[in-house]
Amino acid sequence: MICRQIQALVQQQPSINVSVLIAEIKNRYGYTPTYRKVWTTKQKEVEATFGNWEESYNELPRWLSALQQFVPATIVDLETQPAYDGPYLVRDAQIFHRVFWSFPACVEAFKYCKPVVQIDGTHIYGKYKGTLLLAIAQDGNKNILPIGFAIVEGETLGAWTFFLRNLRSSVTPQQGICFISNCHESIKSAFRSLGREMSAPYAYRVYCIRHISANFMRRFRNKEMLRIIVNIGYSKTIQDFNYWYGLLWDNDEEATRWLDNIPREKWAQAFDKKGRRYGHMTTNLAECVNSVLKGTRNLPITAMVKSTYFRLAELFVRKGVQVQAQIASFLIFSESLMKAI
């Protein structure tokens, strides 16, 4: 009976925490099972519903190949590594390294979005760890659109280079794209390693003000100065920028010098002379998608990739119905712009 209760809860929410399962069982049956017993039962149910963890890696190439045949122009870059048994190379065997994927509908839809892409990474949970890298865009009506995904070993230079190279060549080849990211050194190095295609005027990289704020707090732990820094970043005019900057200088010269080490055009809206950020100051769009995918980040790898396909297919159908209704009502322009006008 307890096993059936765990199974039902896991099927509803695969990412459910083991401690939540224990609390639910205790509340319902007056019995407290061990953490290990509940964890083991949960893993068995995940495997029964979404596939075996190890076999899922073998299934991934087959499923992606089938998807490319079923949905032509689906973008896939799957990297593998030689397999070793101790010091010995295993013949005719490969192990998973990284995978990038995107869908043709995303590539086509991005042509009609703002030329701004937010990139971010989030941890993968479950039996095998890793990192899910995401690229997110937004249209004129503030609809969020995931346009690129990758499962990699972590936020390393190699992983970010792999992701950005595929993203740039296959999804966002347009000139003048603005990429918003955190200040992670591996992302900076990846942009540098890709050279001309990820440098001005072909591409521009700016920073998320929230990550700058987090770095500041780790260094100075001053909430009042943090508030000033956020206001500096969001200031839309040089006059407003100078006001808040002067306030920071008057209160904390060391914090001001720390901030001066970051090029202003990378984080301050007042110095976004060409308006390339379109007012986007953070990577919140990517984090919103992270929260949506949270329920899938502890699944076997093929189930995780499948979930992005089916959820986006559902999204495009739903948005397509909405757009057709708008066109039928002669609403052919962005609602946000029409309201502003």
# chains A, B, ... in the order shown; residues from 1 in each chain; ligands from 1

call {"tool": "residues_around", "arguments": {"residues": "Thr40 (chain A)", "least_positions_apart": "2", "cutoff": "12 Å", "atoms": "only C-alpha atoms", "output": "list in words"}}
result
Cys3, Ile6, Gln7, Val18, Leu21, Pro33, Thr34, Tyr35, Arg36, Lys37, Val38, Lys42, Gln43, Lys44, Glu45, Val46, Glu47, Gly126 and Lys127 of chain A

call {"tool": "write_last_selection", "arguments": {"atoms": "N, CA and C atoms", "output": "short mmCIF file (atom, residue, chain, number, x, y, z; two decimals), in the first residue's frame"}}
result
data_model
loop_
_atom_site.label_atom_id
_atom_site.label_comp_id
_atom_site.auth_asym_id
_atom_site.auth_seq_id
_atom_site.Cartn_x
_atom_site.Cartn_y
_atom_site.Cartn_z
N CYS A 3 3.96 1.43 -1.04
CA CYS A 3 4.63 1.49 -2.34
C CYS A 3 3.72 2.09 -3.39
N ILE A 6 3.62 5.84 -2.96
CA ILE A 6 4.82 6.47 -3.50
C ILE A 6 4.76 6.51 -5.02
N GLN A 7 4.34 5.40 -5.63
CA GLN A 7 4.24 5.33 -7.08
C GLN A 7 3.30 6.39 -7.63
N VAL A 18 12.30 13.32 -1.61
CA VAL A 18 12.13 12.12 -0.78
C VAL A 18 11.55 12.49 0.59
N LEU A 21 7.89 12.77 0.37
CA LEU A 21 7.27 11.45 0.32
C LEU A 21 7.17 10.83 1.72
N PRO A 33 8.86 5.53 7.17
CA PRO A 33 9.82 4.63 6.51
C PRO A 33 11.20 5.25 6.49
N THR A 34 12.20 4.44 6.26
CA THR A 34 13.57 4.97 6.19
C THR A 34 13.76 5.75 4.89
N TYR A 35 14.70 6.68 4.94
CA TYR A 35 15.00 7.49 3.75
C TYR A 35 15.41 6.59 2.59
N ARG A 36 16.27 5.62 2.88
CA ARG A 36 16.79 4.75 1.82
C ARG A 36 15.67 3.94 1.15
N LYS A 37 14.74 3.46 1.96
CA LYS A 37 13.64 2.67 1.40
C LYS A 37 12.78 3.51 0.46
N VAL A 38 12.49 4.73 0.87
CA VAL A 38 11.67 5.61 0.04
C VAL A 38 12.43 6.02 -1.21
N LYS A 42 11.30 5.21 -4.99
CA LYS A 42 11.12 6.30 -5.95
C LYS A 42 11.91 6.04 -7.23
N GLN A 43 13.18 5.62 -7.10
CA GLN A 43 14.01 5.37 -8.28
C GLN A 43 13.43 4.25 -9.13
N LYS A 44 12.91 3.22 -8.49
CA LYS A 44 12.29 2.12 -9.23
C LYS A 44 11.07 2.59 -10.01
N GLU A 45 10.29 3.48 -9.40
CA GLU A 45 9.10 3.98 -10.07
C GLU A 45 9.47 4.90 -11.23
N VAL A 46 10.50 5.71 -11.04
CA VAL A 46 10.97 6.56 -12.14
C VAL A 46 11.41 5.70 -13.32
N GLU A 47 12.15 4.64 -13.03
CA GLU A 47 12.60 3.73 -14.09
C GLU A 47 11.42 3.03 -14.76
N GLY A 126 19.00 13.28 -10.25
CA GLY A 126 18.75 11.89 -10.60
C GLY A 126 19.99 11.05 -10.39
N LYS A 127 20.02 9.89 -11.03
CA LYS A 127 21.10 8.94 -10.81
C LYS A 127 22.42 9.47 -11.35
#

call {"tool": "select_by_dssp", "arguments": {"residues": "region 28-235 of chain A", "states": "alpha helix (DSSP H)", "output": "ChimeraX atom specification"}}
result
/A:28-29,35-50,53-70,104-110,157-166,185-194,209-220,223-234

call {"tool": "atom_distance", "arguments": {"atom1": "CA of Ile180 (chain A)", "atom2": "CA of Arg227 (chain A)"}}
result
21.1 Å

call {"tool": "select_by_dssp", "arguments": {"residues": "region 111-237 of chain A", "states": "strand (DSSP E)", "output": "NGL selection string"}}
result
:A and (116-124 or 130-138 or 144-152 or 177-181 or 203-207)

call {"tool": "write_last_selection", "arguments": {"atoms": "N, CA and C atoms", "output": "CSV table (one decimal), in the first residue's frame"}}
result
chain,number,residue,atom,x,y,z
A,116,VAL,N,17.5,39.2,-29.0
A,116,VAL,CA,18.1,39.1,-27.7
A,116,VAL,C,17.9,37.6,-27.2
A,117,VAL,N,19.0,37.0,-26.7
A,117,VAL,CA,19.0,35.6,-26.3
A,117,VAL,C,19.6,35.6,-24.9
A,118,GLN,N,18.8,35.0,-24.0
A,118,GLN,CA,19.3,34.8,-22.6
A,118,GLN,C,19.8,33.3,-22.5
A,119,ILE,N,21.0,33.2,-22.0
A,119,ILE,CA,21.6,31.8,-21.8
A,119,ILE,C,21.9,31.6,-20.3
A,120,ASP,N,21.7,30.3,-19.9
A,120,ASP,CA,21.9,30.0,-18.5
A,120,ASP,C,22.0,28.5,-18.4
A,121,GLY,N,22.5,28.0,-17.3
A,121,GLY,CA,22.6,26.6,-17.0
A,121,GLY,C,22.0,26.2,-15.7
A,122,THR,N,21.5,25.0,-15.6
A,122,THR,CA,20.9,24.5,-14.4
A,122,THR,C,21.2,23.1,-14.2
A,123,HIS,N,21.3,22.6,-12.9
A,123,HIS,CA,21.7,21.3,-12.6
A,123,HIS,C,20.7,20.2,-13.0
A,124,ILE,N,21.2,19.1,-13.3
A,124,ILE,CA,20.4,17.9,-13.6
A,124,ILE,C,20.5,17.0,-12.4
A,130,GLY,N,24.7,16.2,-14.1
A,130,GLY,CA,25.1,17.0,-15.4
A,130,GLY,C,24.5,18.3,-15.3
A,131,THR,N,24.5,19.0,-16.4
A,131,THR,CA,24.0,20.4,-16.5
A,131,THR,C,23.2,20.5,-17.8
A,132,LEU,N,22.0,21.2,-17.6
A,132,LEU,CA,21.2,21.5,-18.8
A,132,LEU,C,21.4,23.0,-19.1
A,133,LEU,N,21.9,23.2,-20.3
A,133,LEU,CA,22.1,24.6,-20.8
A,133,LEU,C,20.9,25.0,-21.7
A,134,LEU,N,20.5,26.3,-21.5
A,134,LEU,CA,19.3,26.7,-22.2
A,134,LEU,C,19.6,28.1,-22.9
A,135,ALA,N,18.9,28.3,-24.0
A,135,ALA,CA,18.9,29.6,-24.7
A,135,ALA,C,17.4,29.9,-24.9
A,136,ILE,N,17.1,31.2,-24.4
A,136,ILE,CA,15.7,31.6,-24.4
A,136,ILE,C,15.5,32.9,-25.1
A,137,ALA,N,14.4,33.1,-25.9
A,137,ALA,CA,14.1,34.3,-26.6
A,137,ALA,C,12.7,34.8,-26.1
A,138,GLN,N,12.3,35.9,-26.6
A,138,GLN,CA,11.0,36.5,-26.3
A,138,GLN,C,10.5,37.3,-27.5
A,144,ILE,N,7.5,33.8,-24.0
A,144,ILE,CA,8.9,33.2,-23.8
A,144,ILE,C,9.0,32.0,-24.7
A,145,LEU,N,10.2,31.9,-25.4
A,145,LEU,CA,10.4,30.8,-26.3
A,145,LEU,C,11.8,30.2,-26.1
A,146,PRO,N,11.8,28.9,-25.6
A,146,PRO,CA,13.1,28.2,-25.6
A,146,PRO,C,13.6,27.9,-27.0
A,147,ILE,N,14.8,28.2,-27.4
A,147,ILE,CA,15.3,27.9,-28.7
A,147,ILE,C,16.4,27.0,-28.8
A,148,GLY,N,17.1,26.6,-27.7
A,148,GLY,CA,18.2,25.7,-27.8
A,148,GLY,C,18.4,25.0,-26.5
A,149,PHE,N,18.8,23.8,-26.5
A,149,PHE,CA,19.1,23.0,-25.3
A,149,PHE,C,20.4,22.2,-25.5
A,150,ALA,N,21.0,21.9,-24.3
A,150,ALA,CA,22.1,21.0,-24.3
A,150,ALA,C,22.2,20.4,-23.0
A,151,ILE,N,22.6,19.1,-23.0
A,151,ILE,CA,23.0,18.4,-21.7
A,151,ILE,C,24.5,18.1,-21.8
A,152,VAL,N,25.2,18.7,-20.8
A,152,VAL,CA,26.6,18.6,-20.8
A,152,VAL,C,27.1,18.2,-19.5
A,177,ILE,N,23.0,39.9,-32.7
A,177,ILE,CA,22.3,39.3,-31.6
A,177,ILE,C,23.0,39.7,-30.3
A,178,CYS,N,22.1,40.0,-29.3
A,178,CYS,CA,22.6,40.4,-28.0
A,178,CYS,C,22.4,39.2,-27.0
A,179,PHE,N,23.5,38.6,-26.5
A,179,PHE,CA,23.4,37.5,-25.6
A,179,PHE,C,23.6,38.0,-24.1
A,180,ILE,N,22.6,37.6,-23.3
A,180,ILE,CA,22.7,38.0,-21.9
A,180,ILE,C,23.0,36.7,-21.1
A,181,SER,N,24.0,36.9,-20.2
A,181,SER,CA,24.4,35.7,-19.4
A,181,SER,C,24.9,36.2,-18.0
A,203,ALA,N,27.9,39.8,-32.9
A,203,ALA,CA,27.2,39.4,-31.6
A,203,ALA,C,27.7,40.2,-30.5
A,204,TYR,N,26.9,40.4,-29.5
A,204,TYR,CA,27.2,41.2,-28.3
A,204,TYR,C,26.9,40.4,-27.1
A,205,ARG,N,27.7,40.5,-26.1
A,205,ARG,CA,27.5,39.8,-24.8
A,205,ARG,C,27.4,40.8,-23.7
A,206,VAL,N,26.3,40.8,-22.9
A,206,VAL,CA,26.1,41.7,-21.8
A,206,VAL,C,25.8,40.8,-20.6
A,207,TYR,N,25.8,41.4,-19.4
A,207,TYR,CA,25.7,40.7,-18.1
A,207,TYR,C,24.3,40.8,-17.5

call {"tool": "atom_distance", "arguments": {"atom1": "CA of Thr237 (chain A)", "atom2": "CA of Ala270 (chain A)"}}
result
4.9 Å

call {"tool": "residues_around", "arguments": {"residues": "Ile238 (chain A)", "least_positions_apart": "3", "cutoff": "12 Å", "atoms": "only C-alpha atoms", "output": "PyMOL selection string"}}
result
chain A and resi 232-235+241-246+264-265+268-273

call {"tool": "atom_distance", "arguments": {"atom1": "CA of Ser189 (chain A)", "atom2": "CA of Glu108 (chain A)"}}
result
28.9 Å

call {"tool": "residues_around", "arguments": {"residues": "region 54-64 of chain A", "least_positions_apart": "3", "cutoff": "8 Å", "atoms": "only C-alpha atoms", "output": "PyMOL selection string"}}
result
chain A and resi 51+67-68+76+78+96+300-303

call {"tool": "write_last_selection", "arguments": {"atoms": "C-alpha atoms", "output": "compact mmCIF listing (two decimals), in the first residue's frame"}}
result
# COMPACT_ATOMS: atom_id res chain seq x y z
CA GLY A 51 12.88 4.07 -18.56
CA LEU A 67 12.93 12.48 -34.47
CA GLN A 68 15.07 13.89 -37.28
CA VAL A 76 21.10 17.48 -33.18
CA LEU A 78 25.58 14.30 -30.17
CA PHE A 96 27.75 9.75 -23.90
CA PRO A 300 16.57 9.53 -17.45
CA ILE A 301 18.18 11.45 -20.29
CA THR A 302 15.93 10.35 -23.16
CA ALA A 303 12.79 11.11 -21.15

call {"tool": "closest_residue", "arguments": {"among": "A:Glu155, A:Asp240, A:Asn143, A:Tyr128", "to": "Trp53 (chain A)", "atoms": "only C-alpha atoms"}}
result
A:Tyr128

call {"tool": "closest_residue", "arguments": {"among": "A:Trp101, A:Ile332, A:Tyr125, A:Gln5", "to": "Val305 (chain A)", "atoms": "only C-alpha atoms"}}
result
A:Trp101
